[in-house]
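Heads up, upload-v9.cif below (mmCIF, C-alpha atoms and all ligand atoms):
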data_entry
#
loop_
_atom_site.label_atom_id
_atom_site.label_comp_id
_atom_site.auth_asym_id
_atom_site.auth_seq_id
_atom_site.Cartn_x
_atom_site.Cartn_y
_atom_site.Cartn_z
CA MET A 256 -0.69 13.19 11.83
CA GLU A 257 2.26 10.84 12.14
CA LEU A 258 3.65 10.00 8.70
CA ILE A 259 6.05 7.09 8.37
CA ILE A 260 7.77 6.34 5.05
CA ARG A 261 9.18 2.83 4.63
CA PRO A 262 11.30 1.61 1.70
CA THR A 263 8.96 -1.16 0.51
CA SER A 264 5.44 -2.48 0.99
CA ALA A 265 6.90 -5.39 3.00
CA ASP A 266 8.43 -2.87 5.44
CA VAL A 267 5.06 -1.09 5.68
CA ALA A 268 3.46 -4.38 6.76
CA VAL A 269 6.03 -4.97 9.52
CA THR A 270 5.69 -1.44 10.93
CA ALA A 271 1.89 -1.64 10.75
CA ALA A 272 1.97 -4.98 12.57
CA ASP A 273 4.13 -3.38 15.28
CA VAL A 274 1.53 -0.64 15.78
CA LEU A 275 -1.39 -3.10 15.81
CA ALA A 276 0.40 -5.53 18.13
CA GLU A 277 0.53 -2.86 20.86
CA HIS A 278 -3.27 -2.67 20.75
CA VAL A 279 -3.74 -6.43 20.48
CA ARG A 280 -1.75 -6.94 23.68
CA ARG A 281 -4.30 -4.72 25.44
CA GLY A 282 -7.24 -6.80 24.12
CA ALA A 283 -8.36 -4.00 21.82
CA THR A 284 -11.42 -3.65 19.67
CA LEU A 285 -9.93 -3.67 16.18
CA GLY A 286 -11.40 -2.00 13.12
CA LEU A 287 -10.39 -4.10 10.12
CA ALA A 288 -10.13 -3.22 6.43
CA THR A 289 -10.24 -5.52 3.43
CA GLY A 290 -8.73 -4.94 -0.03
CA SER A 291 -5.15 -5.74 -1.06
CA THR A 292 -3.22 -3.26 1.08
CA PRO A 293 -3.62 -4.83 4.56
CA VAL A 294 -3.06 -8.43 3.40
CA ALA A 295 0.69 -8.40 4.08
CA THR A 296 0.05 -6.86 7.51
CA TYR A 297 -2.44 -9.62 8.32
CA GLN A 298 0.14 -12.19 7.21
CA GLU A 299 2.72 -10.65 9.51
CA LEU A 300 0.25 -10.70 12.44
CA ILE A 301 -0.60 -14.36 11.68
CA ARG A 302 3.13 -15.13 11.66
CA ARG A 303 3.51 -13.53 15.11
CA TYR A 304 0.48 -15.48 16.37
CA ASP A 305 1.95 -18.75 15.03
CA ALA A 306 5.24 -17.90 16.72
CA GLY A 307 3.39 -17.53 20.04
CA GLU A 308 4.21 -13.83 20.27
CA LEU A 309 0.64 -12.56 20.08
CA SER A 310 -2.84 -13.67 21.13
CA PHE A 311 -6.09 -12.14 19.87
CA ALA A 312 -8.26 -14.08 22.34
CA GLN A 313 -9.28 -10.93 24.20
CA CYS A 314 -9.89 -8.85 21.06
CA ARG A 315 -12.97 -8.20 19.04
CA ALA A 316 -13.22 -6.81 15.52
CA PHE A 317 -15.50 -4.71 13.34
CA LEU A 318 -15.14 -4.53 9.58
CA LEU A 319 -15.26 -1.23 7.76
CA ASP A 320 -17.72 -2.18 5.08
CA GLU A 321 -19.59 -4.83 3.13
CA TYR A 322 -21.14 -5.26 -0.30
CA VAL A 323 -24.93 -5.21 -0.44
CA GLY A 324 -26.55 -8.26 -1.98
CA LEU A 325 -23.63 -10.72 -1.86
CA PRO A 326 -24.40 -13.84 0.18
CA ARG A 327 -22.16 -14.11 3.24
CA ASP A 328 -20.52 -17.25 1.89
CA HIS A 329 -19.63 -15.56 -1.44
CA GLU A 330 -15.84 -15.61 -1.74
CA GLN A 331 -15.75 -11.83 -2.30
CA SER A 332 -18.07 -10.83 0.54
CA TYR A 333 -16.00 -9.03 3.14
CA TYR A 334 -17.50 -11.39 5.74
CA ARG A 335 -15.68 -14.25 3.97
CA THR A 336 -12.64 -12.25 2.88
CA ILE A 337 -11.59 -11.19 6.36
CA ARG A 338 -11.97 -14.76 7.64
CA ARG A 339 -10.03 -16.27 4.74
CA GLU A 340 -7.25 -13.70 4.90
CA PHE A 341 -6.96 -13.12 8.62
CA THR A 342 -9.31 -14.11 11.41
CA GLU A 343 -9.58 -17.87 10.63
CA HIS A 344 -5.83 -18.07 11.20
CA ILE A 345 -5.72 -16.50 14.66
CA ASP A 346 -7.44 -17.14 18.00
CA ILE A 347 -10.03 -14.36 17.90
CA PRO A 348 -13.48 -15.87 18.66
CA ASP A 349 -15.41 -15.89 15.36
CA ALA A 350 -18.60 -14.53 16.97
CA ARG A 351 -16.61 -11.44 17.90
CA VAL A 352 -15.77 -10.60 14.28
CA GLN A 353 -18.63 -8.41 13.11
CA SER A 354 -19.49 -6.81 9.79
CA PRO A 355 -22.43 -4.90 8.34
CA ASP A 356 -25.15 -7.28 7.15
CA GLY A 357 -25.24 -6.76 3.40
CA THR A 358 -27.88 -9.46 3.04
CA ASP A 359 -30.54 -7.63 5.06
CA PRO A 360 -33.47 -6.67 2.79
CA ASN A 361 -33.53 -3.40 4.73
CA PRO A 362 -29.92 -2.14 4.40
CA THR A 363 -30.68 1.12 6.21
CA ALA A 364 -31.84 -0.79 9.28
CA ALA A 365 -28.74 -3.02 9.01
CA ALA A 366 -26.54 0.08 8.89
CA ASP A 367 -28.16 1.57 12.00
CA ARG A 368 -27.81 -1.73 13.86
CA TYR A 369 -24.12 -1.89 12.95
CA GLU A 370 -23.42 1.64 14.12
CA MET A 371 -25.14 0.80 17.41
CA ALA A 372 -23.16 -2.44 17.81
CA ILE A 373 -19.91 -0.47 17.58
CA VAL A 374 -21.11 2.01 20.19
CA GLU A 375 -22.32 -0.77 22.51
CA ALA A 376 -18.93 -2.49 22.24
CA GLY A 377 -17.36 0.70 23.60
CA GLY A 378 -16.06 1.97 20.25
CA ILE A 379 -13.07 0.99 18.15
CA ASP A 380 -9.58 1.29 19.63
CA ILE A 381 -7.62 1.14 16.40
CA GLN A 382 -9.07 1.43 12.91
CA LEU A 383 -6.97 0.05 10.08
CA LEU A 384 -7.60 1.80 6.75
CA GLY A 385 -6.54 1.58 3.13
CA VAL A 386 -7.21 4.39 0.69
CA GLY A 387 -8.86 4.23 -2.73
CA THR A 388 -7.19 5.82 -5.74
CA ASN A 389 -9.94 8.46 -5.56
CA GLY A 390 -9.26 9.18 -1.89
CA HIS A 391 -12.06 7.09 -0.38
CA ILE A 392 -11.74 5.39 2.99
CA GLY A 393 -14.14 2.60 3.82
CA PHE A 394 -16.54 3.08 0.94
CA ASN A 395 -16.97 6.78 1.64
CA GLU A 396 -16.65 8.05 -1.90
CA PRO A 397 -15.85 11.68 -2.79
CA GLY A 398 -18.70 13.90 -1.63
CA SER A 399 -19.32 11.90 1.56
CA SER A 400 -20.28 13.89 4.61
CA LEU A 401 -17.34 14.26 6.98
CA ALA A 402 -19.82 13.59 9.82
CA SER A 403 -21.51 10.53 8.26
CA HIS A 404 -22.28 7.29 10.08
CA THR A 405 -22.75 3.73 8.84
CA ARG A 406 -25.07 3.86 5.85
CA LEU A 407 -25.88 2.68 2.35
CA LYS A 408 -23.63 4.09 -0.39
CA THR A 409 -23.28 3.72 -4.14
CA LEU A 410 -19.77 2.95 -5.37
CA HIS A 411 -18.04 5.35 -7.73
CA PRO A 412 -17.37 3.79 -11.18
CA GLN A 413 -13.63 4.17 -10.46
CA THR A 414 -13.99 1.97 -7.37
CA VAL A 415 -16.03 -0.59 -9.30
CA ALA A 416 -13.23 -0.65 -11.92
CA ASP A 417 -10.53 -0.92 -9.21
CA ASN A 418 -12.34 -3.80 -7.49
CA ALA A 419 -13.21 -5.68 -10.69
CA ARG A 420 -9.91 -7.57 -10.28
CA PHE A 421 -11.49 -9.58 -7.45
CA PHE A 422 -14.44 -10.67 -9.62
CA ASP A 423 -14.72 -12.42 -12.99
CA SER A 424 -15.90 -9.15 -14.58
CA ALA A 425 -16.74 -5.54 -13.62
CA ASP A 426 -20.44 -6.37 -14.14
CA GLU A 427 -20.32 -8.66 -11.11
CA VAL A 428 -19.06 -5.99 -8.67
CA PRO A 429 -22.01 -4.92 -6.50
CA ILE A 430 -22.54 -1.17 -6.79
CA HIS A 431 -24.17 -0.76 -3.39
CA VAL A 432 -22.38 -1.14 -0.09
CA LEU A 433 -22.81 -0.59 3.62
CA THR A 434 -19.91 1.38 5.05
CA GLN A 435 -18.89 2.93 8.31
CA GLY A 436 -19.18 6.67 7.82
CA LEU A 437 -16.41 9.23 8.12
CA GLY A 438 -17.87 10.24 11.49
CA THR A 439 -17.84 6.57 12.59
CA ILE A 440 -14.21 6.25 11.51
CA ARG A 441 -13.29 9.48 13.27
CA ASN A 442 -14.73 8.08 16.51
CA ALA A 443 -12.06 5.36 16.59
CA ARG A 444 -9.37 6.22 19.13
CA HIS A 445 -6.43 5.58 16.79
CA LEU A 446 -6.47 5.60 12.97
CA LEU A 447 -3.86 3.64 11.04
CA LEU A 448 -3.89 4.18 7.28
CA LEU A 449 -1.63 2.19 4.96
CA ALA A 450 -0.87 2.94 1.32
CA THR A 451 1.57 1.23 -1.01
CA GLY A 452 2.49 1.60 -4.67
CA GLU A 453 2.69 4.46 -7.10
CA GLY A 454 -1.01 4.18 -7.90
CA LYS A 455 -1.77 5.60 -4.44
CA ALA A 456 0.71 8.52 -4.63
CA ASP A 457 -1.85 11.11 -5.67
CA ALA A 458 -4.39 10.01 -3.03
CA VAL A 459 -1.65 10.08 -0.36
CA ARG A 460 -0.61 13.62 -1.34
CA ARG A 461 -4.20 14.82 -1.18
CA LEU A 462 -4.95 13.12 2.11
CA VAL A 463 -1.80 14.33 3.85
CA GLU A 464 -1.14 17.72 2.27
CA GLY A 465 -4.38 18.71 0.58
CA PRO A 466 -7.28 20.63 2.08
CA VAL A 467 -9.72 18.79 4.35
CA ALA A 468 -12.57 18.25 1.94
CA ALA A 469 -15.32 15.81 1.07
CA PHE A 470 -13.61 15.72 -2.34
CA CYS A 471 -10.91 13.58 -0.69
CA PRO A 472 -12.65 11.70 2.15
CA ALA A 473 -9.32 10.40 3.53
CA SER A 474 -8.31 14.00 4.29
CA VAL A 475 -10.62 13.71 7.31
CA LEU A 476 -7.64 12.05 9.03
CA GLN A 477 -6.21 15.57 9.38
CA LEU A 478 -8.99 16.28 11.90
CA HIS A 479 -8.10 13.28 14.07
CA GLU A 480 -5.89 13.64 17.13
CA PHE A 481 -4.20 10.27 16.73
CA ALA A 482 -3.69 9.28 13.11
CA THR A 483 -0.74 7.25 11.82
CA VAL A 484 -0.11 7.00 8.07
CA ILE A 485 2.43 4.43 6.88
CA VAL A 486 3.39 4.46 3.20
CA ASP A 487 6.12 3.00 1.03
CA GLU A 488 8.47 5.13 -1.08
CA ALA A 489 6.29 4.72 -4.17
CA ALA A 490 3.13 5.93 -2.42
CA ALA A 491 5.12 8.82 -0.89
CA SER A 492 6.53 9.95 -4.22
CA ASP A 493 4.18 12.95 -4.72
CA LEU A 494 4.51 14.38 -1.21
CA GLN A 495 5.88 17.89 -1.22
CA TYR A 496 7.24 17.69 2.35
CA LYS A 497 8.57 14.14 2.03
CA GLU A 498 12.08 15.08 3.23
CA TYR A 499 10.70 16.83 6.29
CA TYR A 500 8.54 13.81 7.26
CA ARG A 501 11.59 11.60 6.86
CA PHE A 502 13.69 13.95 9.00
CA ALA A 503 11.01 14.08 11.73
CA GLU A 504 10.87 10.27 11.71
CA THR A 505 14.63 10.03 12.32
CA LYS A 506 14.22 12.32 15.35
CA LYS A 507 11.29 10.37 16.77
CA SER A 508 13.27 8.29 19.24
CA GLN A 509 14.22 11.58 20.88
CA TRP A 510 10.68 12.84 21.40
CA GLN A 511 9.38 9.43 22.35
CA GLY A 512 11.90 9.60 25.17
CA TRP A 513 10.14 12.79 26.25
CA GLY A 514 6.84 10.89 26.44
CA GLY A 515 5.30 12.73 23.50
CA TRP A 516 3.38 11.00 20.74
CA ASN A 517 3.20 13.73 18.18
CA LEU A 518 4.79 17.13 18.37
CA ALA A 519 3.32 18.24 15.02
C1 LIG B 601 -11.79 -2.00 2.16
C2 LIG B 601 -12.03 -0.57 2.05
C3 LIG B 601 -11.47 0.25 0.97
C4 LIG B 601 -10.02 -0.11 0.60
C5 LIG B 601 -9.53 0.76 -0.55
C6 LIG B 601 -8.14 0.39 -0.99
O1 LIG B 601 -12.44 -2.53 3.31
O2 LIG B 601 -12.75 -0.06 2.86
O3 LIG B 601 -11.50 1.61 1.35
O4 LIG B 601 -9.20 0.05 1.71
O5 LIG B 601 -10.42 0.62 -1.63
O6 LIG B 601 -8.18 -0.91 -1.54
P1 LIG B 601 -6.83 -1.69 -1.88
O7 LIG B 601 -6.15 -1.92 -0.59
O8 LIG B 601 -7.31 -2.98 -2.49
O9 LIG B 601 -6.07 -0.84 -2.80
#
Please re-express this file's structure in structure tokens.
Ligand code: F6R
Amino acid sequence: MELIIRPTSADVAVTAADVLAEHVRRGATLGLATGSTPVATYQELIRRYDAGELSFAQCRAFLLDEYVGLPRDHEQSYYRTIRREFTEHIDIPDARVQSPDGTDPNPTAAADRYEMAIVEAGGIDIQLLGVGTNGHIGFNEPGSSLASHTRLKTLHPQTVADNARFFDSADEVPIHVLTQGLGTIRNARHLLLLATGEGKADAVRRLVEGPVAAFCPASVLQLHEFATVIVDEAAASDLQYKEYYRFAETKKSQWQGWGGWNLA
């Protein structure tokens, strides 16, 4: 795992945009996350698009997850959210931005179709991830199978409480979701997880330094060959080996010169 600590959340967004831009230039299939964390990264990518530095015309995108039961045009559906916050502002063809269909009366069939669509597209090149305060990625709550695929899940009350800020009240947050599974996420060729703020410090410690366990679904990144975690100082504050990660980062230009990605 490559761990990069940046001073502020704004710095995290710039570094994340650098990583994503490399893939975008190759016309990658992008795995996109919603939630607050990636918003600044999307804004930075939109800025680069507006400046003529980047085109998404050859890319396609798959979302991580979707609420079950929200109409697609609901402002908080992830179908709408990703368009409002990112894809409407760049040149990616809208038909190539796909998400699980949370309106299907048969969510299990919708989940299977979505998993198949990812496979048929040749898989995801880079999957952007946030992390929940309880260690979830996508909506894979604690206890999720590390081998799971896209499926119906019930949100943990902590996640409902965390997401209530996007709705008028906690009662309006759907409790069922369709989410890529941990196995689906692990199939992506590159994982890029972002975390900012002190509220994520415990989840970051458990995902980076804790045991690989369903108790902290994000710890599954430890099993991936190509995982990059970018955090700000606040989110890094509980890491035991923080100084070592920082030291390794300062030496990176040296090993990149040797053609290596990760000597860990
Ligand atoms: C969103 C998603 C979630 C969020 C996580 C963190 O598509 O899958 O796992 O990434 O809940 O949310 P924020 O970034 O709002 O703290």
Mind checking which residues fall within 9 Å of A:Thr342, counting only C-alpha atoms, ignoring those fewer than 4 positions away in the same chain, and posting them as JSON, numbers by chain?
{"A": [297, 301, 337, 338, 346, 347, 348, 349, 352]}
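With only C-alpha atoms and all ligand atoms as the atoms that count, the residue of A:Leu447, A:Ala372, A:Ala491, A:Met256 with the shortest distance to ligand LIG 601 (chain B) is A:Leu447.
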Record the distance separating atom O5 of ligand LIG 601 (chain B) and atom CA of A:Pro466, expressed in Å with one decimal.
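If I compute the distance from atom O5 of ligand LIG 601 (chain B) to atom CA of A:Pro466, I get 20.6 Å.
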Nearest to ligand LIG 601 (chain B), chosen from A:Gly385, A:Pro360, A:Pro326, A:Gly454, with all atoms listed in the file counted in the distances:
A:Gly385
Hey, which of A:Ser354, A:Ser291, A:Gln477, A:Ser332 ends up closest to ligand LIG 601 (chain B)? Count all atoms listed in the file.
A:Ser291
Please identify the residues whose atoms come within 7 Å of ligand LIG 601 (chain B), using all atoms listed in the file, and report them as a count of residues only.
17
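Using all atoms listed in the file, the shortest contact distance between A:Thr405 and any of A:Thr483, A:Gln435, A:Asn418, A:Thr388 is found at A:Gln435.
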Could you list as a list in words every residue that has an atom within 6 Å of (-4.4, -10.5, 6.8), using the file's coordinates and counting only C-alpha atoms?
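Using only C-alpha atoms, the matching residues come out as Val294, Thr296, Tyr297, Gln298, Glu340 and Phe341 of chain A.
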With distances taken over all atoms listed in the file, the candidate from A:Arg281, A:Arg351, A:Lys507, A:Arg335 nearest A:Glu321 is A:Arg335
For A:Val323, the nearest of the candidates A:Leu448, A:Val459, A:Ala366, A:Ala268, counting only C-alpha atoms
A:Ala366
Work out how far apart atom CA of A:Asp356 and atom CA of A:Val475 are and give it in Å to one decimal.
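Between these atoms lies a distance of 25.5 Å.
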